[in-house]
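Source file: input_34.cif (mmCIF, C-alpha atoms)
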```cif
data_run
loop_
_atom_site.label_atom_id
_atom_site.label_comp_id
_atom_site.auth_asym_id
_atom_site.auth_seq_id
_atom_site.Cartn_x
_atom_site.Cartn_y
_atom_site.Cartn_z
CA MET G 1 -22.57 4.96 14.78
CA GLU G 2 -22.77 1.34 15.84
CA GLN G 3 -19.74 -0.80 15.00
CA LYS G 4 -19.45 -4.56 14.86
CA LEU G 5 -16.98 -5.93 17.38
CA LEU G 6 -14.65 -8.80 16.62
CA PRO G 7 -14.17 -11.63 19.15
CA GLY G 8 -12.15 -10.41 22.15
CA GLU G 9 -12.92 -6.71 21.57
CA ARG G 10 -14.74 -4.22 23.76
CA ILE G 11 -15.84 -0.59 23.60
CA ASP G 12 -14.44 1.75 26.28
CA ASP G 13 -15.89 5.15 27.21
CA LEU G 14 -13.18 7.85 27.07
CA GLN G 15 -15.17 10.12 29.38
CA LEU G 16 -14.66 13.05 27.00
CA ASN G 17 -17.22 14.55 24.62
CA ASP G 18 -19.03 11.18 24.44
CA LEU G 19 -16.01 9.65 22.69
CA HIS G 20 -15.46 5.89 22.73
CA ILE G 21 -12.73 3.52 21.55
CA ILE G 22 -12.59 -0.12 20.52
CA GLN G 23 -9.85 -2.12 22.24
CA SER G 24 -8.69 -5.70 22.49
CA GLU G 25 -9.33 -7.36 25.83
CA LYS G 26 -6.00 -9.24 25.69
CA GLY G 27 -3.87 -7.29 23.20
CA PHE G 28 -2.31 -3.83 23.32
CA ARG G 29 -4.39 -1.11 25.03
CA PHE G 30 -3.54 2.55 25.44
CA GLY G 31 -2.19 3.79 28.77
CA MET G 32 -1.73 7.02 30.68
CA ASP G 33 1.26 7.99 28.51
CA ALA G 34 -1.05 8.46 25.49
CA VAL G 35 -3.49 10.54 27.53
CA ILE G 36 -0.83 12.88 28.93
CA LEU G 37 0.72 13.25 25.46
CA SER G 38 -2.67 14.25 24.02
CA ASP G 39 -2.84 16.97 26.69
CA PHE G 40 0.77 18.10 26.15
CA ALA G 41 0.37 18.40 22.36
CA ARG G 42 -1.56 21.62 21.80
CA VAL G 43 -3.65 21.55 18.64
CA ARG G 44 -4.20 24.96 17.06
CA PRO G 45 -7.09 26.07 14.79
CA ARG G 46 -7.35 24.40 11.38
CA GLU G 47 -4.16 22.40 11.80
CA HIS G 48 -3.26 19.17 10.05
CA VAL G 49 -2.01 16.76 12.72
CA VAL G 50 -0.19 13.51 11.94
CA ASP G 51 0.07 10.68 14.48
CA MET G 52 2.82 8.12 13.90
CA GLY G 53 2.25 4.59 15.22
CA THR G 54 -1.33 5.39 16.22
CA GLY G 55 -2.17 1.94 17.62
CA THR G 56 -5.87 1.99 18.49
CA GLY G 57 -6.17 5.59 17.30
CA ILE G 58 -6.33 7.00 20.81
CA LEU G 59 -4.30 10.17 20.17
CA PRO G 60 -6.21 11.58 17.17
CA ILE G 61 -9.52 10.63 18.77
CA LEU G 62 -8.67 12.44 22.02
CA MET G 63 -7.10 15.43 20.27
CA SER G 64 -10.09 15.80 17.96
CA ALA G 65 -11.91 17.26 20.98
CA GLN G 66 -9.37 20.10 21.31
CA ARG G 67 -10.22 21.75 17.98
CA THR G 68 -13.24 20.82 15.89
CA ASP G 69 -11.63 22.32 12.76
CA ALA G 70 -8.40 20.28 12.96
CA VAL G 71 -7.86 17.24 10.72
CA PHE G 72 -5.75 14.18 11.42
CA SER G 73 -3.75 11.55 9.51
CA ALA G 74 -2.70 8.49 11.52
CA PHE G 75 -0.29 5.71 10.54
CA GLU G 76 -0.24 2.19 11.98
CA LEU G 77 1.86 -0.67 10.61
CA GLN G 78 -0.21 -3.50 12.13
CA ARG G 79 -3.24 -3.97 9.90
CA ASP G 80 -5.47 -5.42 12.61
CA MET G 81 -4.73 -2.45 14.86
CA ALA G 82 -5.29 0.00 12.00
CA ASP G 83 -8.63 -1.66 11.26
CA MET G 84 -9.60 -1.35 14.92
CA ALA G 85 -8.60 2.33 14.90
CA ALA G 86 -10.60 2.98 11.74
CA ARG G 87 -13.67 1.37 13.30
CA SER G 88 -13.23 3.54 16.39
CA VAL G 89 -13.06 6.61 14.16
CA ALA G 90 -16.32 5.54 12.50
CA LEU G 91 -17.87 4.75 15.88
CA ASN G 92 -17.36 8.39 16.85
CA GLY G 93 -18.47 9.78 13.48
CA LEU G 94 -15.04 11.30 12.82
CA GLN G 95 -14.38 9.88 9.35
CA GLU G 96 -14.30 13.37 7.79
CA ARG G 97 -11.59 14.51 10.20
CA ILE G 98 -9.44 11.44 10.95
CA ARG G 99 -7.96 9.15 8.30
CA ILE G 100 -6.21 5.94 9.33
CA TYR G 101 -3.45 4.55 7.09
CA ALA G 102 -2.44 0.90 7.49
CA GLU G 103 1.09 1.75 6.39
CA ASP G 104 4.65 1.91 7.69
CA MET G 105 5.16 5.42 9.08
CA ARG G 106 8.51 5.53 7.24
CA GLN G 107 6.42 5.80 4.06
CA ALA G 108 4.17 8.55 5.42
CA ALA G 109 5.76 11.48 3.60
CA GLY G 110 5.44 9.70 0.27
CA ILE G 111 1.75 9.04 0.95
CA ILE G 112 0.46 12.32 2.40
CA GLY G 113 3.24 14.66 1.23
CA TYR G 114 6.47 16.11 2.54
CA GLY G 115 6.09 19.12 4.83
CA CYS G 116 2.31 18.90 5.05
CA ALA G 117 1.80 18.73 8.83
CA HIS G 118 1.61 21.52 11.38
CA LEU G 119 1.95 19.07 14.29
CA VAL G 120 3.15 15.48 14.58
CA THR G 121 2.55 13.33 17.65
CA CYS G 122 4.29 10.08 18.43
CA ASN G 123 4.27 7.57 21.28
CA PRO G 124 7.11 5.35 20.00
CA PRO G 125 8.15 1.97 21.42
CA TYR G 126 10.06 2.42 24.67
CA GLY G 127 12.19 -0.75 24.70
CA LYS G 128 15.55 -0.43 22.98
CA GLN G 129 16.56 -3.03 20.39
CA GLY G 130 18.16 -6.07 22.03
CA SER G 131 17.79 -4.77 25.58
CA THR G 132 14.28 -5.74 26.72
CA LEU G 133 12.30 -8.91 27.21
CA LYS G 134 9.77 -9.69 24.51
CA ASN G 135 6.07 -9.91 25.28
CA SER G 136 4.11 -13.04 24.48
CA SER G 137 1.65 -11.02 22.39
CA GLU G 138 3.11 -9.98 19.03
CA SER G 139 0.99 -6.82 18.88
CA VAL G 140 2.17 -5.77 22.33
CA THR G 141 5.81 -6.52 21.45
CA ILE G 142 5.67 -4.39 18.30
CA ALA G 143 3.95 -1.55 20.17
CA ARG G 144 6.36 -1.53 23.11
CA HIS G 145 9.77 -2.51 21.67
CA GLU G 146 11.97 -1.23 18.86
CA GLU G 147 11.69 -4.22 16.56
CA GLU G 148 12.26 -2.83 13.10
CA THR G 149 12.64 0.92 13.65
CA THR G 150 14.99 2.96 15.89
CA ILE G 151 14.14 6.23 17.62
CA ASP G 152 16.25 8.04 15.00
CA GLU G 153 14.11 6.55 12.22
CA TRP G 154 10.89 7.40 14.07
CA THR G 155 12.01 11.01 14.47
CA ALA G 156 13.26 11.31 10.89
CA SER G 157 9.91 10.03 9.59
CA CYS G 158 8.09 12.57 11.74
CA ALA G 159 10.35 15.36 10.50
CA ALA G 160 9.72 14.42 6.86
CA VAL G 161 6.01 15.27 7.08
CA LEU G 162 6.53 18.41 9.21
CA ARG G 163 6.41 21.81 7.56
CA ASN G 164 9.03 24.44 8.42
CA MET G 165 8.53 25.51 12.07
CA GLY G 166 6.10 22.63 12.56
CA ARG G 167 6.03 20.90 15.95
CA LEU G 168 6.84 17.35 17.02
CA CYS G 169 5.55 16.07 20.38
CA MET G 170 6.71 12.75 21.82
CA VAL G 171 6.52 10.86 25.11
CA PHE G 172 9.54 8.69 25.93
CA PRO G 173 11.33 7.06 28.91
CA ALA G 174 13.14 9.68 30.98
CA GLN G 175 16.31 7.57 31.15
CA ARG G 176 16.59 7.80 27.34
CA ILE G 177 16.15 11.59 27.15
CA LEU G 178 19.62 12.17 25.66
CA GLU G 179 18.88 9.70 22.85
CA LEU G 180 15.62 11.53 22.18
CA THR G 181 17.13 15.01 22.07
CA ASP G 182 19.94 13.74 19.85
CA ALA G 183 17.37 12.18 17.49
CA TYR G 184 15.44 15.46 17.37
CA ARG G 185 18.51 17.49 16.48
CA HIS G 186 19.72 14.97 13.89
CA ALA G 187 16.36 15.54 12.18
CA ARG G 188 16.74 19.35 12.45
CA ILE G 189 14.05 19.55 15.13
CA GLU G 190 15.06 21.85 17.97
CA PRO G 191 13.73 20.90 21.45
CA LYS G 192 11.53 23.80 22.60
CA ARG G 193 9.28 22.59 25.45
CA ILE G 194 9.84 19.81 27.99
CA ARG G 195 7.90 18.31 30.89
CA MET G 196 9.15 15.55 33.18
CA VAL G 197 6.66 13.00 34.52
CA TYR G 198 7.00 11.56 38.04
CA ALA G 199 5.01 8.73 39.60
CA LYS G 200 5.46 10.52 42.97
CA ALA G 201 7.22 13.76 43.83
CA ASP G 202 10.01 12.06 45.79
CA ARG G 203 10.96 9.68 42.95
CA ALA G 204 13.00 10.08 39.81
CA PRO G 205 11.07 10.93 36.62
CA TYR G 206 10.03 7.96 34.51
CA LEU G 207 8.73 9.71 31.38
CA VAL G 208 9.54 12.86 29.45
CA LEU G 209 7.22 14.88 27.23
CA LEU G 210 9.18 16.77 24.57
CA GLU G 211 8.06 19.26 21.94
CA GLY G 212 10.44 20.32 19.21
CA MET G 213 10.16 22.71 16.28
CA LYS G 214 11.55 22.07 12.82
CA ASN G 215 14.40 24.41 11.82
CA ALA G 216 13.91 26.59 14.91
CA LYS G 217 16.56 28.41 16.90
CA PRO G 218 17.71 26.97 20.27
CA GLY G 219 15.74 27.83 23.40
CA LEU G 220 14.10 25.35 25.77
CA LEU G 221 11.12 26.01 28.06
CA TRP G 222 10.99 23.79 31.16
CA MET G 223 7.40 23.21 32.22
CA PRO G 224 6.37 22.37 35.80
CA PRO G 225 6.79 18.66 36.61
CA LEU G 226 3.81 16.39 36.15
CA VAL G 227 3.31 14.29 39.29
CA VAL G 228 0.85 11.40 38.92
CA TYR G 229 0.22 10.31 42.53
CA HIS G 230 0.06 11.88 45.96
CA PRO G 231 2.06 10.12 48.73
CA ASP G 232 -1.14 8.22 49.73
CA GLY G 233 -1.49 6.80 46.21
CA THR G 234 -4.42 8.95 45.06
CA GLU G 235 -4.07 10.77 41.75
CA THR G 236 -3.13 14.45 41.73
CA ASP G 237 -5.35 17.35 40.68
CA GLU G 238 -3.27 17.73 37.52
CA ILE G 239 -4.05 14.16 36.47
CA ASP G 240 -7.73 14.82 37.24
CA ARG G 241 -7.54 17.89 34.97
CA ILE G 242 -5.88 15.93 32.15
CA TYR G 243 -8.57 13.23 32.41
CA HIS G 244 -11.25 15.95 32.47
CA ARG G 245 -12.49 14.94 35.89
CA GLN G 246 -14.13 17.48 38.15
CA VAL G 247 -11.79 18.62 40.94
#
```
Go ahead and render the structure in this file as structure tokens.
Amino acid sequence: MEQKLLPGERIDDLQLNDLHIIQSEKGFRFGMDAVILSDFARVRPREHVVDMGTGTGILPILMSAQRTDAVFSAFELQRDMADMAARSVALNGLQERIRIYAEDMRQAAGIIGYGCAHLVTCNPPYGKQGSTLKNSSESVTIARHEEETTIDEWTASCAAVLRNMGRLCMVFPAQRILELTDAYRHARIEPKRIRMVYAKADRAPYLVLLEGMKNAKPGLLWMPPLVVYHPDGTETDEIDRIYHRQV
């Protein structure tokens, strides 16, 4: 379905199931963290998936290819971003499966219902309040820094829409992993599956992928590390697999 572009927008090919996305040429655009989170979060048949802080809608659009019978609710506070996401959903003909809400994710449970989701995904801002430089673009600043909402509030909002034994999957800076696990447990979400992300095998991890389960018993599965680049700078076979490239 053809969509009208606003000034400064472009359509990018996601190289997956003929999916495309509308993005701003100068504003916030999705990165590898969103792509690896979409791979890490395993959508099961007929699930209701909620994405908090969806930005351009990249996560529900990518995950829609995992299961054709799954449905998605996505929340984005910035109305211009939410509008862009909704137009991307329409561009791909996914209006019956993905609904975009231009709302604060802290209000999500009151809008779609408490305990309604099987799976929640979230790529929250990485910069801690008062500790990072602000970006000149307001949309990029809001997307990348904790301006109004802390990681505890993000996690609590995710937990509110999760059903009992529902799963929460997040990507977050590796150096803040203790904050993330604390936030999970404060929200009664038990960490169950973890994967560390390394730029190269001989470096410290820079991201962590964490799945937790609401009201579950303790027990953590460590997955093999995800290494992005070979020593020569080329991307690894695992990254090629995640991006659905032929290897």
List the neighbours of segment 216-223 of chain G out to 10 Å using all atoms listed in the file; skip same-chain residues closer than 5 positions along the sequence, and give me the result as a compact mmCIF listing (two decimals) with C-alpha atoms, keeping the file's coordinate frame.
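So the final result, stored in part11.txt, reads:
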```txt
# COMPACT_ATOMS: atom_id res chain seq x y z
CA ASN G 164 9.03 24.44 8.42
CA MET G 165 8.53 25.51 12.07
CA GLY G 166 6.10 22.63 12.56
CA ARG G 167 6.03 20.90 15.95
CA ARG G 188 16.74 19.35 12.45
CA ILE G 189 14.05 19.55 15.13
CA GLU G 190 15.06 21.85 17.97
CA PRO G 191 13.73 20.90 21.45
CA LYS G 192 11.53 23.80 22.60
CA ARG G 193 9.28 22.59 25.45
CA ILE G 194 9.84 19.81 27.99
CA ARG G 195 7.90 18.31 30.89
CA MET G 196 9.15 15.55 33.18
CA LEU G 209 7.22 14.88 27.23
CA LEU G 210 9.18 16.77 24.57
CA GLU G 211 8.06 19.26 21.94
```
Worksheet item: Counting all atoms listed in the file, which of G:Ala117, G:Ala74, G:Ala174, G:Ala65 gets nearest to Tyr198 of chain G?
Response: G:Ala174
Counting only C-alpha atoms, which residues of segment 68-106 of chain G fall within 8 Å of segment 22-28 of chain G, and what is the closest atom pair for each with its distance in Å at one decimal, ordered by chain and rising number, as CSV?
```
residue,atom,partner,partner_atom,distance
G:Met84,CA,G:Ile22,CA,6.5
G:Ala85,CA,G:Ile22,CA,7.3
G:Arg87,CA,G:Ile22,CA,7.5
G:Ser88,CA,G:Ile22,CA,5.6
```
Worksheet entry | Å distance separating atom CA of Asn215 of chain G from atom CA of Thr121 of chain G, one decimal place | 17.2 Å
Practice prompt. Taking the file as shown, find all residues satisfying the PyMOL selection byres ((chain G and resi 38) around 9) and write them as a PyMOL selection string.
Written response: chain G and resi 33-37+39-42+58-60+62-63+121+242
Worksheet entry | Residue neighbourhood Glu76 of chain G, 8 Å, only C-alpha atoms, exclusion window fewer than 4 positions, as a PyMOL selection string | chain G and resi 52-55+81-82+100-105
Fill in: Pick from G:Thr181, G:Asn17, G:Gln3, G:Thr56 nearest to His244 of chain G, counting only C-alpha atoms
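Between G:Thr181, G:Asn17, G:Gln3, G:Thr56, the residue approaching His244 of chain G most closely is G:Asn17.
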